[in-house]
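Take a look at the structure set out below.
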Amino acid sequence: MSDALVVSLRVTLIALALSAPLGAVTGFALARGRGPVRAALDAAVLVPLVLPPSVTGYYLLLSLGARSWAGAWLERAVGLRLVFTQTGAAVAAAVVALPLMAKGAEAAFARVDRGLEEVARANGLSASYTFWIVTLPLAAPGLAVALAVTAVRALGEFGATLTFAGYAKGETSTVPLELYVALQSGDEARAGRLSLLLVIASALAALSLGVWGRRAGSTR
């Protein structure tokens with residue numbers, strides 16, 4: 001069980017490294033964008049959220065698998081193979097969890113008082129400096145909540161991971177995949193321990209969300 005937890009934590013951290021920056025940038029664009037381009041971006045972000053994870057994994061396999069053009073190029077050019085690797089599992093988790101980060105970031109940036117930004121700009125601060133010292137600190141509690149939700153979603157990812165990255169012991173054998181294997185083999189005791197581990201992780205995340213949510217509310 002400890003091996004599965006280590007694999008899950010590694011996959012989750014890589015997934016966060018991939019999805020958090022992209023999700024934050026996308027969320028900012030959604031919060032400040034207008035018109036059809038913004039609507040198209042919003043729709044694109046929501047696609048992995050509404051698709052069954054196994055379907056998302058299937059399309060990842062088609063686009064980044066070893067038989068795809070992109071997958072073959074990555075393996076040939078930089079030696080990066082995604083199927084049966086932790087990187088592939090992380091990519092699957094990141095794609096599935098990205099909408100939560102993006103929509104959470106959108107809400108965080110939308111709550112920022114634009115008047116404070118205007119005051120900063122009126123006092124001679126550049127747009128980029130205003131973002132770093134005004135916008136980002138005000139949005140930080142909401143971004144932290146989005147990051148926590150994204151982490152829990154990545155930690156619990158199963159369908160896309162199994163379909164795209166497959167099951168490889170010690171490599172892609174995350175806690176959800178090990179739970180599936182335990183159930184398939186009839187090891188109910190192990191399945192119970194793995195399920196409890198996921199419940200504890202979710203409970204801790206929920207407590208963290210409560211703390212960050214109250215902190216976010218106090219900054220409004």
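Chain labels run A, B, ... following the order of the structure tokens; each chain numbers its residues from 1, and ligands are numbered from 1 in the order shown.
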
| field | Non-local contacts of stretch 188-201 of chain A (12 Å; only C-alpha atoms; under 6 positions in same chain excluded) as an NGL selection string | value | :A and (1-5 or 8-9 or 148-149 or 151-157 or 174-182 or 207-208)

Go ahead and write the residues just picked, N, CA and C atoms, as a CSV table (one decimal), in the first residue's frame.
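File written: out-v2.csv
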chain,number,residue,atom,x,y,z
A,1,MET,N,0.8,-1.2,0.0
A,1,MET,CA,0.0,0.0,0.0
A,1,MET,C,0.9,1.3,0.0
A,2,SER,N,2.0,1.2,0.7
A,2,SER,CA,2.9,2.4,0.7
A,2,SER,C,3.5,2.7,-0.6
A,3,ASP,N,3.7,1.6,-1.4
A,3,ASP,CA,4.3,1.8,-2.8
A,3,ASP,C,3.2,2.5,-3.6
A,4,ALA,N,2.0,2.1,-3.5
A,4,ALA,CA,0.9,2.8,-4.3
A,4,ALA,C,0.8,4.2,-3.9
A,5,LEU,N,0.9,4.5,-2.6
A,5,LEU,CA,0.8,5.9,-2.1
A,5,LEU,C,1.9,6.7,-2.7
A,8,SER,N,1.2,7.4,-6.3
A,8,SER,CA,0.1,8.4,-6.4
A,8,SER,C,0.6,9.8,-6.1
A,9,LEU,N,1.4,10.0,-5.1
A,9,LEU,CA,1.9,11.3,-4.7
A,9,LEU,C,2.8,11.9,-5.8
A,148,ALA,N,-6.1,22.8,-4.3
A,148,ALA,CA,-6.4,21.7,-3.4
A,148,ALA,C,-7.4,20.7,-4.1
A,149,VAL,N,-8.5,21.3,-4.8
A,149,VAL,CA,-9.5,20.5,-5.5
A,149,VAL,C,-8.8,19.8,-6.6
A,151,ALA,N,-5.7,18.8,-6.9
A,151,ALA,CA,-4.8,17.8,-6.3
A,151,ALA,C,-5.6,16.6,-5.9
A,152,VAL,N,-6.8,16.8,-5.3
A,152,VAL,CA,-7.6,15.6,-4.9
A,152,VAL,C,-8.2,14.9,-6.2
A,153,ARG,N,-8.5,15.7,-7.2
A,153,ARG,CA,-9.0,15.1,-8.4
A,153,ARG,C,-7.9,14.3,-9.1
A,154,ALA,N,-6.7,14.8,-9.1
A,154,ALA,CA,-5.6,14.1,-9.7
A,154,ALA,C,-5.2,12.8,-8.9
A,155,LEU,N,-5.3,12.9,-7.6
A,155,LEU,CA,-5.0,11.8,-6.7
A,155,LEU,C,-6.0,10.7,-6.9
A,156,GLY,N,-7.2,11.0,-7.2
A,156,GLY,CA,-8.3,10.0,-7.4
A,156,GLY,C,-8.5,9.5,-8.8
A,157,GLU,N,-7.8,10.0,-9.7
A,157,GLU,CA,-8.0,9.7,-11.1
A,157,GLU,C,-7.8,8.2,-11.4
A,174,THR,N,-1.1,3.6,-9.2
A,174,THR,CA,-1.6,4.6,-8.2
A,174,THR,C,-2.6,3.9,-7.3
A,175,VAL,N,-3.0,4.6,-6.2
A,175,VAL,CA,-3.9,4.0,-5.3
A,175,VAL,C,-5.2,3.6,-6.0
A,176,PRO,N,-5.9,4.4,-6.8
A,176,PRO,CA,-7.1,3.9,-7.4
A,176,PRO,C,-6.9,2.7,-8.3
A,177,LEU,N,-5.8,2.6,-9.0
A,177,LEU,CA,-5.5,1.5,-9.9
A,177,LEU,C,-5.3,0.2,-9.0
A,178,GLU,N,-4.5,0.4,-7.9
A,178,GLU,CA,-4.3,-0.7,-7.1
A,178,GLU,C,-5.6,-1.2,-6.4
A,179,LEU,N,-6.5,-0.3,-6.1
A,179,LEU,CA,-7.8,-0.6,-5.6
A,179,LEU,C,-8.6,-1.5,-6.6
A,180,TYR,N,-8.5,-1.1,-7.8
A,180,TYR,CA,-9.2,-1.9,-8.9
A,180,TYR,C,-8.6,-3.3,-9.0
A,181,VAL,N,-7.3,-3.4,-9.0
A,181,VAL,CA,-6.6,-4.7,-9.0
A,181,VAL,C,-7.0,-5.5,-7.8
A,182,ALA,N,-7.0,-4.9,-6.7
A,182,ALA,CA,-7.3,-5.7,-5.4
A,182,ALA,C,-8.8,-6.2,-5.5
A,207,LEU,N,-11.1,19.5,4.8
A,207,LEU,CA,-10.8,20.4,5.9
A,207,LEU,C,-10.0,21.6,5.4
A,208,SER,N,-9.0,21.3,4.6
A,208,SER,CA,-8.2,22.4,4.0
A,208,SER,C,-9.1,23.4,3.2

| task | List every residue of stretch 92-167 of chain A that DSSP, applied to the backbone of this structure, assigns to helix (DSSP H, G or I), and report them as a ChimeraX atom specification. | result | /A:92-110,114-122,127-155,159-164

Residues of the last selection are to be written out with C-alpha atoms, as a PDB file, in the first residue's frame.
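Once everything was written out, this is again-v3.pdb:
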ATOM      1  CA  ALA A  92      -3.845  11.834 -17.859  1.00  0.00           C
ATOM      2  CA  ALA A  93      -4.483  13.126 -14.337  1.00  0.00           C
ATOM      3  CA  ALA A  94      -3.536  16.675 -15.349  1.00  0.00           C
ATOM      4  CA  VAL A  95      -5.908  16.724 -18.328  1.00  0.00           C
ATOM      5  CA  VAL A  96      -8.832  15.434 -16.262  1.00  0.00           C
ATOM      6  CA  ALA A  97      -8.122  17.810 -13.349  1.00  0.00           C
ATOM      7  CA  LEU A  98      -7.316  20.897 -15.449  1.00  0.00           C
ATOM      8  CA  PRO A  99     -10.939  22.114 -15.712  1.00  0.00           C
ATOM      9  CA  LEU A 100     -11.207  22.284 -11.920  1.00  0.00           C
ATOM     10  CA  MET A 101      -8.059  24.393 -11.689  1.00  0.00           C
ATOM     11  CA  ALA A 102      -9.147  26.653 -14.540  1.00  0.00           C
ATOM     12  CA  LYS A 103     -12.688  27.234 -13.261  1.00  0.00           C
ATOM     13  CA  GLY A 104     -11.444  27.706  -9.706  1.00  0.00           C
ATOM     14  CA  ALA A 105      -8.880  30.226 -10.890  1.00  0.00           C
ATOM     15  CA  GLU A 106     -11.555  31.982 -12.930  1.00  0.00           C
ATOM     16  CA  ALA A 107     -13.671  32.413  -9.800  1.00  0.00           C
ATOM     17  CA  ALA A 108     -10.666  33.604  -7.794  1.00  0.00           C
ATOM     18  CA  PHE A 109      -9.691  36.261 -10.315  1.00  0.00           C
ATOM     19  CA  ALA A 110     -13.307  37.311 -10.864  1.00  0.00           C
ATOM     20  CA  ARG A 114     -10.942  45.801 -10.136  1.00  0.00           C
ATOM     21  CA  GLY A 115     -11.035  49.186  -8.433  1.00  0.00           C
ATOM     22  CA  LEU A 116      -7.874  48.343  -6.477  1.00  0.00           C
ATOM     23  CA  GLU A 117      -6.141  47.481  -9.736  1.00  0.00           C
ATOM     24  CA  GLU A 118      -7.232  50.786 -11.231  1.00  0.00           C
ATOM     25  CA  VAL A 119      -5.859  52.656  -8.221  1.00  0.00           C
ATOM     26  CA  ALA A 120      -2.517  50.895  -8.638  1.00  0.00           C
ATOM     27  CA  ARG A 121      -2.410  51.740 -12.336  1.00  0.00           C
ATOM     28  CA  ALA A 122      -3.383  55.366 -11.588  1.00  0.00           C
ATOM     29  CA  ALA A 127       0.068  46.204 -15.677  1.00  0.00           C
ATOM     30  CA  SER A 128       2.473  43.359 -14.875  1.00  0.00           C
ATOM     31  CA  TYR A 129       3.565  44.886 -11.551  1.00  0.00           C
ATOM     32  CA  THR A 130      -0.074  45.504 -10.610  1.00  0.00           C
ATOM     33  CA  PHE A 131      -0.807  41.860 -11.294  1.00  0.00           C
ATOM     34  CA  TRP A 132       1.999  40.610  -9.041  1.00  0.00           C
ATOM     35  CA  ILE A 133       1.425  42.922  -6.070  1.00  0.00           C
ATOM     36  CA  VAL A 134      -2.350  43.464  -6.219  1.00  0.00           C
ATOM     37  CA  THR A 135      -4.225  40.916  -8.333  1.00  0.00           C
ATOM     38  CA  LEU A 136      -2.348  37.755  -7.443  1.00  0.00           C
ATOM     39  CA  PRO A 137      -2.275  38.272  -3.640  1.00  0.00           C
ATOM     40  CA  LEU A 138      -6.023  38.997  -3.633  1.00  0.00           C
ATOM     41  CA  ALA A 139      -6.739  35.912  -5.725  1.00  0.00           C
ATOM     42  CA  ALA A 140      -4.321  33.680  -3.773  1.00  0.00           C
ATOM     43  CA  PRO A 141      -6.836  32.160  -1.300  1.00  0.00           C
ATOM     44  CA  GLY A 142      -9.161  31.194  -4.128  1.00  0.00           C
ATOM     45  CA  LEU A 143      -6.245  29.816  -6.140  1.00  0.00           C
ATOM     46  CA  ALA A 144      -5.225  27.730  -3.128  1.00  0.00           C
ATOM     47  CA  VAL A 145      -8.725  26.248  -2.970  1.00  0.00           C
ATOM     48  CA  ALA A 146      -8.593  25.475  -6.701  1.00  0.00           C
ATOM     49  CA  LEU A 147      -5.178  23.865  -6.276  1.00  0.00           C
ATOM     50  CA  ALA A 148      -6.440  21.659  -3.447  1.00  0.00           C
ATOM     51  CA  VAL A 149      -9.458  20.515  -5.473  1.00  0.00           C
ATOM     52  CA  THR A 150      -7.203  19.826  -8.459  1.00  0.00           C
ATOM     53  CA  ALA A 151      -4.818  17.792  -6.306  1.00  0.00           C
ATOM     54  CA  VAL A 152      -7.634  15.632  -4.920  1.00  0.00           C
ATOM     55  CA  ARG A 153      -9.015  15.052  -8.415  1.00  0.00           C
ATOM     56  CA  ALA A 154      -5.575  14.082  -9.708  1.00  0.00           C
ATOM     57  CA  LEU A 155      -5.010  11.807  -6.717  1.00  0.00           C
ATOM     58  CA  GLY A 159     -10.316   5.914 -15.901  1.00  0.00           C
ATOM     59  CA  ALA A 160      -8.092   8.119 -18.041  1.00  0.00           C
ATOM     60  CA  THR A 161      -4.967   6.823 -16.315  1.00  0.00           C
ATOM     61  CA  LEU A 162      -5.802   3.173 -16.933  1.00  0.00           C
ATOM     62  CA  THR A 163      -6.853   3.772 -20.541  1.00  0.00           C
ATOM     63  CA  PHE A 164      -3.901   5.975 -21.498  1.00  0.00           C
TER      64      PHE A 164
END

| said: If I take atom CA of A:Ala90 and atom CA of A:Val37, how far is one from the other in Å, to one decimal? | reply: 28.6 Å

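Candidate residues A:Asp187, A:Glu171, A:Glu75, A:Asp42 were compared for distance to A:Phe28, and the nearest is A:Asp42, using only C-alpha atoms.
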